[in-house]
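Trainee: Structure file upload_28.cif, mmCIF, C-alpha atoms and all ligand atoms, is pasted below:
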data_run
loop_
_atom_site.label_atom_id
_atom_site.label_comp_id
_atom_site.auth_asym_id
_atom_site.auth_seq_id
_atom_site.Cartn_x
_atom_site.Cartn_y
_atom_site.Cartn_z
CA MET A 1 41.02 30.38 -2.49
CA ALA A 2 40.14 27.43 -0.33
CA ILE A 3 43.65 26.80 0.94
CA PRO A 4 44.53 30.28 2.22
CA SER A 5 41.22 30.64 4.03
CA CYS A 6 41.43 27.18 5.59
CA LEU A 7 45.00 27.28 6.74
CA PRO A 8 44.76 29.93 9.45
CA LEU A 9 41.81 28.13 11.00
CA PHE A 10 43.79 24.96 11.19
CA ILE A 11 46.73 26.69 12.81
CA LEU A 12 44.38 28.38 15.23
CA ALA A 13 42.81 25.10 16.33
CA LEU A 14 46.21 23.60 16.85
CA SER A 15 47.59 26.45 18.91
CA VAL A 16 44.55 26.57 21.16
CA THR A 17 44.87 22.88 21.99
CA THR A 18 48.56 23.07 22.78
CA SER A 19 47.99 26.13 24.89
CA LEU A 20 45.43 24.37 27.05
CA ALA A 21 47.98 21.80 28.07
CA SER A 22 50.76 24.18 28.95
CA GLN A 23 49.36 27.42 30.32
CA PRO A 24 49.43 28.10 34.04
CA ASP A 25 46.04 28.95 35.55
CA LEU A 26 44.41 29.55 38.92
CA GLY A 27 41.23 27.82 40.10
CA TYR A 28 39.53 26.94 43.39
CA PRO A 29 38.22 23.36 43.31
CA GLY A 30 35.88 22.71 46.21
CA TRP A 31 35.51 26.41 47.13
CA GLN A 32 32.69 26.66 49.66
CA CYS A 33 31.03 29.41 51.64
CA ASP A 34 28.47 29.30 54.45
CA ALA A 35 25.30 27.51 53.29
CA SER A 36 23.15 30.61 53.94
CA LEU A 37 25.00 32.49 51.21
CA TYR A 38 23.63 30.19 48.51
CA GLN A 39 20.01 31.09 49.27
CA LYS A 40 18.15 33.62 47.15
CA SER A 41 16.19 36.40 48.77
CA LYS A 42 12.66 35.21 49.66
CA LYS A 43 11.23 37.78 47.28
CA VAL A 44 13.16 39.23 44.34
CA PRO A 45 14.71 42.36 45.89
CA THR A 46 13.57 45.77 44.69
CA SER A 47 16.61 47.58 46.09
CA ALA A 48 20.08 47.45 44.53
CA HIS A 49 21.43 47.44 48.07
CA ALA A 50 19.72 44.18 49.03
CA VAL A 51 20.91 41.93 46.21
CA ARG A 52 22.29 38.59 47.34
CA PHE A 53 24.70 36.80 45.01
CA PRO A 54 22.15 34.08 44.10
CA ASP A 55 19.71 36.85 43.06
CA ILE A 56 21.89 37.88 40.12
CA LYS A 57 20.57 36.49 36.86
CA VAL A 58 22.59 38.37 34.25
CA ILE A 59 26.21 39.47 33.89
CA GLY A 60 27.67 41.81 31.27
CA ALA A 61 30.72 43.97 30.66
CA LEU A 62 32.04 47.09 28.95
CA GLY A 63 35.70 47.80 28.31
CA ASP A 64 38.73 47.42 26.07
CA SER A 65 41.08 44.61 25.10
CA LEU A 66 41.68 43.74 28.76
CA THR A 67 37.98 42.93 29.05
CA ALA A 68 37.82 41.30 25.60
CA ALA A 69 40.78 39.24 26.94
CA ASN A 70 43.03 39.71 23.93
CA GLY A 71 45.89 37.23 24.02
CA ALA A 72 44.71 35.56 27.24
CA GLY A 73 45.03 32.10 25.73
CA ALA A 74 47.99 32.90 23.48
CA PRO A 75 50.76 30.34 23.76
CA LYS A 76 54.13 31.63 24.93
CA GLY A 77 56.14 32.90 21.96
CA ASP A 78 53.02 33.45 19.81
CA PRO A 79 52.50 37.20 19.93
CA LEU A 80 50.27 37.11 16.86
CA ALA A 81 47.62 35.39 18.96
CA VAL A 82 47.26 38.67 20.85
CA ILE A 83 44.84 39.70 18.10
CA LEU A 84 42.47 36.97 19.30
CA GLN A 85 39.80 37.88 21.84
CA TYR A 86 39.71 35.06 24.38
CA ARG A 87 36.47 36.32 25.93
CA GLY A 88 35.76 33.06 27.67
CA LEU A 89 38.78 33.68 29.92
CA ALA A 90 38.06 37.36 30.64
CA PHE A 91 38.33 38.27 34.31
CA GLN A 92 35.16 40.38 34.37
CA CYS A 93 32.80 38.32 32.23
CA GLY A 94 34.37 35.07 30.98
CA GLY A 95 32.61 31.76 31.55
CA ASP A 96 34.87 29.11 30.04
CA SER A 97 35.15 26.02 32.26
CA THR A 98 34.46 26.49 35.97
CA LEU A 99 35.86 28.05 39.10
CA ASP A 100 37.64 24.73 39.71
CA GLU A 101 40.05 25.55 36.88
CA HIS A 102 39.86 29.29 36.22
CA VAL A 103 38.70 32.24 38.29
CA THR A 104 36.52 34.88 36.68
CA VAL A 105 33.81 36.96 38.33
CA ALA A 106 31.26 35.00 36.27
CA ASN A 107 32.68 31.63 37.31
CA VAL A 108 32.47 32.62 40.98
CA LEU A 109 28.91 33.91 40.52
CA LYS A 110 27.84 30.66 38.84
CA LYS A 111 28.48 28.95 42.19
CA PHE A 112 25.72 31.09 43.72
CA SER A 113 23.51 31.48 40.66
CA PRO A 114 23.82 28.36 38.49
CA SER A 115 21.48 29.72 35.78
CA LEU A 116 23.51 32.92 35.39
CA MET A 117 23.59 34.13 31.78
CA GLY A 118 25.45 36.76 29.79
CA TYR A 119 29.01 35.50 30.26
CA SER A 120 31.25 34.88 27.25
CA THR A 121 32.67 31.57 26.09
CA GLY A 122 35.38 30.83 23.54
CA ILE A 123 37.13 33.22 21.17
CA GLY A 124 35.44 35.95 19.14
CA SER A 125 34.27 39.52 18.71
CA SER A 126 31.67 41.52 20.60
CA ASN A 127 29.15 41.18 17.79
CA VAL A 128 29.14 37.37 17.81
CA TRP A 129 26.34 36.66 20.27
CA GLU A 130 27.15 32.95 20.68
CA ILE A 131 30.67 33.78 21.90
CA SER A 132 30.47 37.20 23.42
CA LYS A 133 26.95 37.27 24.90
CA LEU A 134 26.85 40.43 27.04
CA ASN A 135 30.55 41.24 27.04
CA GLN A 136 30.46 44.31 24.79
CA ALA A 137 34.15 45.24 25.27
CA VAL A 138 36.01 46.27 22.11
CA PRO A 139 39.82 46.21 21.77
CA GLY A 140 41.30 49.70 21.65
CA ALA A 141 38.29 51.29 23.32
CA GLN A 142 38.68 54.55 25.21
CA ALA A 143 36.24 56.15 27.64
CA ALA A 144 34.31 57.82 24.81
CA ASP A 145 33.77 54.41 23.23
CA ILE A 146 32.00 52.88 26.19
CA VAL A 147 29.15 55.27 25.42
CA THR A 148 28.63 53.32 22.19
CA GLN A 149 29.15 50.05 24.04
CA ALA A 150 26.52 50.98 26.62
CA ARG A 151 24.00 51.55 23.83
CA ALA A 152 24.99 48.25 22.22
CA LEU A 153 24.56 46.43 25.54
CA VAL A 154 21.10 47.87 26.05
CA HIS A 155 20.15 46.91 22.50
CA VAL A 156 21.46 43.35 22.82
CA MET A 157 19.69 42.85 26.14
CA HIS A 158 16.41 44.12 24.75
CA SER A 159 16.66 41.85 21.73
CA HIS A 160 17.08 38.63 23.73
CA SER A 161 13.81 37.57 25.27
CA GLU A 162 15.54 35.18 27.69
CA ILE A 163 16.49 38.31 29.63
CA ASP A 164 13.66 39.76 31.68
CA ILE A 165 14.78 43.39 31.63
CA LYS A 166 12.27 44.55 34.22
CA ASN A 167 12.74 41.81 36.79
CA ASP A 168 16.17 40.23 36.46
CA TRP A 169 19.04 41.60 38.54
CA LYS A 170 22.05 42.43 36.39
CA LEU A 171 25.71 42.97 37.25
CA ILE A 172 27.59 45.04 34.67
CA ASN A 173 31.38 45.17 35.08
CA VAL A 174 33.22 48.11 33.56
CA PHE A 175 36.97 48.60 33.12
CA ILE A 176 38.27 51.44 30.93
CA GLY A 177 41.15 53.90 30.84
CA ALA A 178 44.31 52.19 29.60
CA ASN A 179 43.92 53.45 26.03
CA ASP A 180 43.10 56.95 27.24
CA MET A 181 46.32 56.96 29.26
CA CYS A 182 48.26 55.65 26.26
CA ARG A 183 47.30 58.86 24.35
CA TYR A 184 47.21 61.26 27.26
CA CYS A 185 50.74 62.61 26.64
CA GLU A 186 49.94 63.60 23.07
CA GLU A 187 47.94 66.66 24.04
CA LYS A 188 47.72 69.50 26.47
CA GLU A 189 45.96 69.37 29.85
CA ASN A 190 42.60 70.17 28.32
CA GLY A 191 42.81 67.66 25.49
CA ILE A 192 40.32 64.99 24.64
CA HIS A 193 41.80 62.63 27.25
CA SER A 194 41.57 65.12 30.10
CA LYS A 195 40.11 64.04 33.41
CA ALA A 196 37.00 66.14 32.79
CA ASN A 197 36.28 64.55 29.43
CA TRP A 198 37.02 61.08 30.71
CA LYS A 199 34.66 61.57 33.61
CA GLN A 200 31.97 62.98 31.33
CA ASN A 201 32.22 60.04 28.92
CA VAL A 202 32.11 57.40 31.69
CA THR A 203 29.17 59.21 33.28
CA THR A 204 27.31 59.33 29.96
CA ALA A 205 27.80 55.59 29.43
CA ILE A 206 26.54 54.70 32.90
CA GLN A 207 23.60 57.08 32.54
CA ILE A 208 22.58 55.17 29.40
CA LEU A 209 22.56 51.98 31.45
CA LYS A 210 20.59 53.67 34.24
CA ASP A 211 18.00 55.04 31.83
CA ASN A 212 17.44 51.71 30.11
CA LEU A 213 18.25 48.91 32.52
CA PRO A 214 16.26 48.74 35.74
CA ARG A 215 17.62 46.44 38.47
CA THR A 216 21.25 46.92 37.57
CA ILE A 217 24.44 47.20 39.61
CA VAL A 218 27.42 48.70 37.81
CA SER A 219 30.71 47.52 39.26
CA MET A 220 33.61 49.55 37.95
CA THR A 221 37.11 48.14 38.22
CA GLY A 222 39.35 50.97 39.37
CA MET A 223 42.01 52.28 37.03
CA PHE A 224 45.54 50.88 37.41
CA ASP A 225 48.80 52.75 37.63
CA MET A 226 50.39 52.07 34.26
CA ARG A 227 53.89 52.92 35.41
CA MET A 228 54.20 49.20 36.09
CA LEU A 229 54.12 48.52 32.34
CA ARG A 230 57.51 50.09 31.98
CA GLN A 231 59.00 47.52 34.31
CA ILE A 232 57.41 44.68 32.41
CA ASP A 233 58.85 45.46 29.00
CA HIS A 234 62.16 46.81 30.26
CA ASP A 235 64.96 45.13 28.28
CA LYS A 236 62.56 42.86 26.42
CA TYR A 237 63.32 43.78 22.86
CA PHE A 238 60.18 42.43 21.26
CA CYS A 239 57.67 43.78 23.74
CA ASP A 240 59.43 47.09 23.91
CA GLY A 241 59.01 47.53 20.16
CA LEU A 242 55.39 46.45 20.20
CA HIS A 243 54.42 48.93 22.88
CA VAL A 244 55.46 51.85 20.69
CA PHE A 245 52.34 51.03 18.70
CA GLU A 246 50.14 49.78 21.52
CA CYS A 247 50.86 52.59 23.94
CA PRO A 248 52.75 55.61 22.62
CA CYS A 249 52.81 57.50 25.93
CA GLU A 250 54.39 54.56 27.70
CA LYS A 251 57.29 54.77 25.25
CA LYS A 252 57.70 58.53 25.35
CA SER A 253 60.68 59.10 27.61
CA SER A 254 59.85 62.74 28.34
CA PHE A 255 56.61 61.48 29.87
CA THR A 256 58.12 60.32 33.18
CA ASN A 257 56.98 57.51 35.47
CA ASP A 258 55.51 60.15 37.72
CA ASP A 259 53.64 61.65 34.76
CA VAL A 260 52.18 58.23 33.96
CA SER A 261 51.09 57.74 37.58
CA GLN A 262 49.66 61.21 37.76
CA ALA A 263 47.52 60.73 34.65
CA CYS A 264 46.24 57.38 35.94
CA HIS A 265 45.43 58.93 39.30
CA LEU A 266 43.37 61.65 37.60
CA TYR A 267 41.13 58.93 36.16
CA MET A 268 40.98 57.20 39.55
CA ASP A 269 39.90 60.50 41.10
CA ALA A 270 37.23 60.87 38.42
CA GLN A 271 35.84 57.42 39.25
CA GLN A 272 35.76 58.21 42.95
CA GLU A 273 33.95 61.48 42.27
CA ILE A 274 31.34 59.66 40.19
CA GLN A 275 30.64 57.28 43.07
CA ASP A 276 30.73 59.99 45.75
CA SER A 277 28.42 62.31 43.82
CA GLY A 278 25.54 59.89 44.31
CA ILE A 279 24.18 60.63 40.81
CA PHE A 280 23.68 56.93 40.24
CA ASP A 281 21.94 56.42 43.57
CA THR A 282 18.87 58.51 42.83
CA THR A 283 16.67 55.48 42.21
CA ASP A 284 16.63 52.45 44.46
CA ASP A 285 16.98 49.85 41.71
CA PHE A 286 20.31 51.04 40.26
CA THR A 287 23.71 51.70 41.77
CA PHE A 288 27.35 52.23 40.95
CA VAL A 289 30.22 50.83 42.96
CA LEU A 290 33.93 51.21 42.47
CA GLN A 291 36.41 48.34 43.00
CA PRO A 292 39.77 49.98 43.74
CA PHE A 293 42.16 47.03 44.31
CA PHE A 294 44.50 48.13 41.48
CA ASN A 295 44.82 51.76 42.52
CA ASP A 296 47.98 51.78 44.62
CA ILE A 297 49.92 48.97 42.97
CA VAL A 298 53.11 50.29 41.37
CA THR A 299 55.05 47.08 40.72
CA PRO A 300 54.05 44.23 38.43
CA PRO A 301 53.81 40.71 39.80
CA LEU A 302 57.28 39.41 40.60
CA LYS A 303 58.87 36.00 40.90
CA PRO A 304 60.63 35.08 44.15
CA ASP A 305 63.96 36.15 42.58
CA GLY A 306 62.59 39.65 41.98
CA GLU A 307 62.21 39.34 38.20
CA VAL A 308 58.86 40.24 36.62
CA ASN A 309 56.68 37.14 36.46
CA LEU A 310 55.87 36.92 32.76
CA ASP A 311 53.50 33.98 33.37
CA TRP A 312 51.05 36.71 34.20
CA PHE A 313 51.17 38.33 30.78
CA ALA A 314 50.31 37.51 27.19
CA PRO A 315 53.29 37.33 24.80
CA ASP A 316 53.09 41.10 24.18
CA CYS A 317 53.93 41.80 27.87
CA PHE A 318 50.88 44.03 28.16
CA HIS A 319 47.68 42.03 28.09
CA PHE A 320 46.93 39.52 30.83
CA SER A 321 47.52 35.83 30.27
CA ARG A 322 45.11 33.12 31.38
CA LEU A 323 46.78 33.17 34.82
CA GLY A 324 46.75 36.97 34.86
CA HIS A 325 42.99 37.05 34.23
CA ALA A 326 42.35 34.49 36.98
CA ASN A 327 44.48 36.35 39.50
CA VAL A 328 42.95 39.75 38.68
CA ALA A 329 39.47 38.17 38.87
CA LYS A 330 40.23 36.87 42.37
CA HIS A 331 41.18 40.32 43.61
CA LEU A 332 38.21 41.93 41.87
CA TRP A 333 35.85 39.42 43.50
CA ASN A 334 37.46 40.02 46.89
CA ASN A 335 36.84 43.75 46.39
CA ILE A 336 33.18 43.07 45.44
CA VAL A 337 32.55 41.32 48.79
CA GLN A 338 34.31 44.03 50.82
CA PRO A 339 32.27 46.99 52.10
CA VAL A 340 32.77 50.39 50.49
CA GLY A 341 35.24 52.25 52.69
CA SER A 342 37.15 49.06 53.60
CA LYS A 343 37.96 47.80 50.13
CA ASN A 344 41.60 47.01 49.36
CA HIS A 345 43.30 49.74 47.35
CA LYS A 346 46.40 47.63 46.93
CA VAL A 347 46.86 43.88 46.65
CA ASP A 348 49.91 41.67 46.33
CA LEU A 349 49.73 40.38 42.77
CA SER A 350 52.80 38.20 43.35
CA ASP A 351 51.21 36.03 46.03
CA PRO A 352 49.09 33.21 44.57
CA THR A 353 48.17 31.95 48.06
CA ILE A 354 45.87 34.91 48.85
CA PRO A 355 42.45 33.28 49.26
CA LEU A 356 39.27 33.88 47.29
CA ASN A 357 36.96 35.37 49.91
CA CYS A 358 33.33 34.55 50.68
CA PRO A 359 30.63 37.18 51.05
CA ASP A 360 30.06 38.34 54.62
CA VAL A 361 27.25 36.27 56.23
CA THR A 362 26.21 39.27 58.31
CA CYS A 363 25.73 41.42 55.19
CA PRO A 364 25.36 38.90 52.34
CA PHE A 365 24.84 41.42 49.54
CA ILE A 366 26.83 42.84 46.69
CA ARG A 367 28.40 45.61 48.71
CA THR A 368 27.23 49.08 47.74
CA THR A 369 27.71 52.53 49.20
CA LYS A 370 24.37 52.31 51.04
CA ASN A 371 24.59 48.80 52.50
CA SER A 372 28.16 49.55 53.54
CA ALA A 373 27.01 52.59 55.50
CA ASP A 374 24.17 50.63 57.16
CA CYS A 375 23.39 47.05 56.26
CA SER A 376 20.69 46.41 58.86
CA LYS A 377 17.82 48.00 56.96
CA TYR A 378 18.36 45.66 53.99
CA LEU A 379 18.39 42.43 55.98
CA SER A 380 14.65 41.82 56.33
CA ASN A 381 14.14 39.98 53.00
C1 LIG M 1 33.08 62.58 25.48
O1 LIG M 1 33.14 63.77 26.26
C2 LIG M 1 33.45 64.94 25.52
C3 LIG M 1 33.52 66.09 26.53
O2 LIG M 1 32.33 66.27 27.23
C4 LIG M 1 32.39 65.19 24.46
O3 LIG M 1 32.74 66.30 23.67
C5 LIG M 1 32.25 63.95 23.60
O4 LIG M 1 31.17 64.13 22.69
C6 LIG M 1 31.98 62.72 24.46
N1 LIG M 1 31.88 61.53 23.63
C7 LIG M 1 30.78 60.80 23.61
C8 LIG M 1 30.85 59.61 22.68
O5 LIG M 1 29.78 61.03 24.24
#
Render the structure in this file as structure tokens.

Mentor:
Amino acid sequence: MAIPSCLPLFILALSVTTSLASQPDLGYPGWQCDASLYQKSKKVPTSAHAVRFPDIKVIGALGDSLTAANGAGAPKGDPLAVILQYRGLAFQCGGDSTLDEHVTVANVLKKFSPSLMGYSTGIGSSNVWEISKLNQAVPGAQAADIVTQARALVHVMHSHSEIDIKNDWKLINVFIGANDMCRYCEEKENGIHSKANWKQNVTTAIQILKDNLPRTIVSMTGMFDMRMLRQIDHDKYFCDGLHVFECPCEKKSSFTNDDVSQACHLYMDAQQEIQDSGIFDTTDDFTFVLQPFFNDIVTPPLKPDGEVNLDWFAPDCFHFSRLGHANVAKHLWNNIVQPVGSKNHKVDLSDPTIPLNCPDVTCPFIRTTKNSADCSKYLSN
């Protein structure tokens, strides 16, 4: 018994080490913003619209395998490693290494809030506190599943006394929808993955956070147009076969590219409606803000010769690689510092020279619907 249980661990350790040496990544050594941006508010803010980046104490996440970072550290040619959850590299909530080597929203935030907690490190599942911390994403999750994840997040936060639930400001990043889209074609318009159900499930999850977590900002990464997946696995025999299992609707030829886009846009519309409804702005210490940088992208990242840049993807051509996570994290961060109404809805994923932006010194807060409409009334503290 000892040999079979030992062997995989050994192989795992080996592959992780080799991968560190060879995988492309994106980091910003020496990244600096105006000195004023590193100062906390004089008093801990009471409004979600007056939260400076150094005021954030806790980070967490809900989502699927893209947030659990499946395969992010998988060496090229090792598709089996896609079963591993490289949470420490995850764009929304990973905290392995530093911004010098690898961009994640948590690694950028650590620059402003060095005692930030809640980010994941290493490889493991959502129920392993030491690894996962407050990243409650579960591979395969659909919108209905983030309801369960929201409850789990609340429970985990309440059971760790190092988190001051009443006073600490928390940033919860949410990204969901790919697995809903992957099943969308299997039913009629009013099926379980309809826009209405999706919106209801996302709303329920966020309401659970609102009811149980004061001083929280929910930042939702906008849905992406999954038609780009078809370009990634085109003519790649292995990936093509794998996606039949990972994403049946992507492989269903009668479900056209336009059908894929249309389904994804229904979820994007649902997210926008949630924000516009104002239902999560009824108390001053909670808000919801959408980050739409993915929305209008229809082509995957390309190399200068026009071929898909597979450096961006894990060996299954679906999940993001280490570099993919860092690049997505950069664009998500840039969206977070842009005011609502002027956020990018489309970014050039192929251009690694696009800078990582600093918060705006004239409105140095996590941008929300309210401080984007009028920042001046939040500037006194
Ligand atoms: C998701 O939404 C549908 C439609 O409202 C509902 O029937 C289902 O119970 C929801 N799932 C969860 C986990 O709340």

Trainee: Could you please determine the separation between atom CA of A:Val105 and atom CA of A:Phe294 in Å, to one decimal place?

Mentor: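 So the two atoms, atom CA of A:Val105 and atom CA of A:Phe294, lie 15.8 Å apart.
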
Trainee: Grab me every residue within 12 Å of ligand LIG 1 (chain M), counting only C-alpha atoms and all ligand atoms, and send it over as a PyMOL selection string.

Mentor: chain A and resi 141-151+180+190-208

Trainee: When you look at A:Cys375 with a cut-off of 12 Å (counting all atoms listed in the file), what residues show up, excluding the ones that are within fewer than 3 positions of it in the same chain? I need them as a ChimeraX atom specification.

Mentor: /A:49-51,339-340,360-372,378-380

Trainee: Ranking A:Phe320, A:Val103, A:Ser113, A:Pro304 by minimum distance to A:Ser41 and counting all atoms listed in the file, which one comes first?

Mentor: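 Ranked by minimum distance to A:Ser41, first place goes to A:Ser113.
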
Trainee: Between A:Pro248, A:Gly222, A:Pro315, A:Pro359, which one has atoms that come closest to A:Asn334, using all atoms listed in the file?

Mentor: A:Pro359

Trainee: Which residue out of A:Phe255, A:Gln231, A:Ala68, A:Gln85 has the minimum interatomic distance to A:Ile176 when all atoms listed in the file are used?

Mentor: A:Ala68

Trainee: What does the distance from atom CA of A:Leu229 to atom CA of A:Asp305 come to in Å, to one decimal?

Mentor: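 Distance reported for this atom pair: 18.8 Å.
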
Trainee: A:Phe286, A:Ala263, A:Leu213, A:Leu26: which is nearest A:Asp351, counting all atoms listed in the file?

Mentor: A:Leu26

Trainee: Fewer than 5 positions away in the same chain doesn't count, so skip those; otherwise give me all residues within 9 Å of A:Gln272, counting all atoms listed in the file, as a list in words.

Mentor: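 Counting all atoms listed in the file, the residues come to Gly222, Tyr267, Ser277 and Leu290 of chain A.
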
Trainee: Got a sec: who's within 8 Å of A:Arg183, counting only C-alpha atoms, leaving out chain neighbours fewer than 2 positions off, as a list in words?

Mentor: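 The filter keeps Asn179, Asp180, Met181, Cys185, Glu186, Glu187, His193, Cys247, Pro248 and Cys249 of chain A.
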
Trainee: From the set A:Ile274, A:Val308, A:Leu302, A:Ala35, which residue has the shortest atom-to-atom contact distance to A:Phe112, counting only C-alpha atoms?

Mentor: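 The shortest atom-to-atom distance to A:Phe112 comes from A:Ala35.
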
Trainee: Got a minute to add all heavy atoms to stretch 100-108 of chain A and dump it as a PDB file, keeping the file's coordinate frame?

Mentor:
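Dumped to rebuild_6.pdb:
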ATOM      1  N   ASP A 100      36.649  25.757  39.356  1.00  0.00           N
ATOM      2  CA  ASP A 100      37.640  24.730  39.710  1.00  0.00           C
ATOM      3  C   ASP A 100      38.954  24.953  38.974  1.00  0.00           C
ATOM      4  O   ASP A 100      40.024  24.690  39.512  1.00  0.00           O
ATOM      5  CB  ASP A 100      37.143  23.317  39.361  1.00  0.00           C
ATOM      6  CG  ASP A 100      35.996  22.896  40.248  1.00  0.00           C
ATOM      7  OD1 ASP A 100      35.563  23.693  41.095  1.00  0.00           O
ATOM      8  OD2 ASP A 100      35.524  21.755  40.078  1.00  0.00           O
ATOM      9  N   GLU A 101      38.843  25.402  37.706  1.00  0.00           N
ATOM     10  CA  GLU A 101      40.050  25.550  36.880  1.00  0.00           C
ATOM     11  C   GLU A 101      40.488  26.996  36.701  1.00  0.00           C
ATOM     12  O   GLU A 101      41.672  27.268  36.524  1.00  0.00           O
ATOM     13  CB  GLU A 101      39.841  24.974  35.474  1.00  0.00           C
ATOM     14  CG  GLU A 101      39.573  23.488  35.405  1.00  0.00           C
ATOM     15  CD  GLU A 101      38.094  23.171  35.519  1.00  0.00           C
ATOM     16  OE1 GLU A 101      37.276  24.000  35.053  1.00  0.00           O
ATOM     17  OE2 GLU A 101      37.748  22.119  36.095  1.00  0.00           O
ATOM     18  N   HIS A 102      39.522  27.918  36.650  1.00  0.00           N
ATOM     19  CA  HIS A 102      39.860  29.290  36.220  1.00  0.00           C
ATOM     20  C   HIS A 102      38.936  30.290  36.898  1.00  0.00           C
ATOM     21  O   HIS A 102      37.717  30.226  36.726  1.00  0.00           O
ATOM     22  CB  HIS A 102      39.714  29.359  34.688  1.00  0.00           C
ATOM     23  CG  HIS A 102      40.052  30.700  34.097  1.00  0.00           C
ATOM     24  ND1 HIS A 102      41.345  31.193  34.049  1.00  0.00           N
ATOM     25  CD2 HIS A 102      39.261  31.663  33.539  1.00  0.00           C
ATOM     26  CE1 HIS A 102      41.341  32.394  33.464  1.00  0.00           C
ATOM     27  NE2 HIS A 102      40.093  32.703  33.155  1.00  0.00           N
ATOM     28  N   VAL A 103      39.529  31.223  37.622  1.00  0.00           N
ATOM     29  CA  VAL A 103      38.700  32.240  38.290  1.00  0.00           C
ATOM     30  C   VAL A 103      38.303  33.331  37.314  1.00  0.00           C
ATOM     31  O   VAL A 103      39.155  33.865  36.596  1.00  0.00           O
ATOM     32  CB  VAL A 103      39.466  32.941  39.448  1.00  0.00           C
ATOM     33  CG1 VAL A 103      38.504  33.800  40.276  1.00  0.00           C
ATOM     34  CG2 VAL A 103      40.204  31.962  40.329  1.00  0.00           C
ATOM     35  N   THR A 104      37.024  33.641  37.283  1.00  0.00           N
ATOM     36  CA  THR A 104      36.520  34.880  36.680  1.00  0.00           C
ATOM     37  C   THR A 104      35.369  35.303  37.604  1.00  0.00           C
ATOM     38  O   THR A 104      34.862  34.469  38.368  1.00  0.00           O
ATOM     39  CB  THR A 104      35.918  34.686  35.264  1.00  0.00           C
ATOM     40  OG1 THR A 104      34.742  33.863  35.383  1.00  0.00           O
ATOM     41  CG2 THR A 104      36.900  34.043  34.292  1.00  0.00           C
ATOM     42  N   VAL A 105      34.945  36.541  37.496  1.00  0.00           N
ATOM     43  CA  VAL A 105      33.810  36.960  38.330  1.00  0.00           C
ATOM     44  C   VAL A 105      32.584  36.123  37.971  1.00  0.00           C
ATOM     45  O   VAL A 105      31.822  35.695  38.853  1.00  0.00           O
ATOM     46  CB  VAL A 105      33.544  38.473  38.158  1.00  0.00           C
ATOM     47  CG1 VAL A 105      32.233  38.883  38.815  1.00  0.00           C
ATOM     48  CG2 VAL A 105      34.703  39.267  38.755  1.00  0.00           C
ATOM     49  N   ALA A 106      32.408  35.811  36.680  1.00  0.00           N
ATOM     50  CA  ALA A 106      31.260  35.000  36.270  1.00  0.00           C
ATOM     51  C   ALA A 106      31.350  33.581  36.824  1.00  0.00           C
ATOM     52  O   ALA A 106      30.351  33.025  37.295  1.00  0.00           O
ATOM     53  CB  ALA A 106      31.155  34.968  34.741  1.00  0.00           C
ATOM     54  N   ASN A 107      32.544  32.998  36.804  1.00  0.00           N
ATOM     55  CA  ASN A 107      32.680  31.630  37.310  1.00  0.00           C
ATOM     56  C   ASN A 107      32.440  31.559  38.820  1.00  0.00           C
ATOM     57  O   ASN A 107      31.924  30.561  39.313  1.00  0.00           O
ATOM     58  CB  ASN A 107      34.050  31.037  36.937  1.00  0.00           C
ATOM     59  CG  ASN A 107      34.088  30.548  35.492  1.00  0.00           C
ATOM     60  OD1 ASN A 107      33.041  30.443  34.837  1.00  0.00           O
ATOM     61  ND2 ASN A 107      35.275  30.250  34.989  1.00  0.00           N
ATOM     62  N   VAL A 108      32.784  32.603  39.551  1.00  0.00           N
ATOM     63  CA  VAL A 108      32.470  32.620  40.980  1.00  0.00           C
ATOM     64  C   VAL A 108      30.953  32.765  41.154  1.00  0.00           C
ATOM     65  O   VAL A 108      30.318  32.035  41.925  1.00  0.00           O
ATOM     66  CB  VAL A 108      33.201  33.740  41.746  1.00  0.00           C
ATOM     67  CG1 VAL A 108      32.914  33.625  43.252  1.00  0.00           C
ATOM     68  CG2 VAL A 108      34.702  33.706  41.504  1.00  0.00           C
TER      69      VAL A 108
END
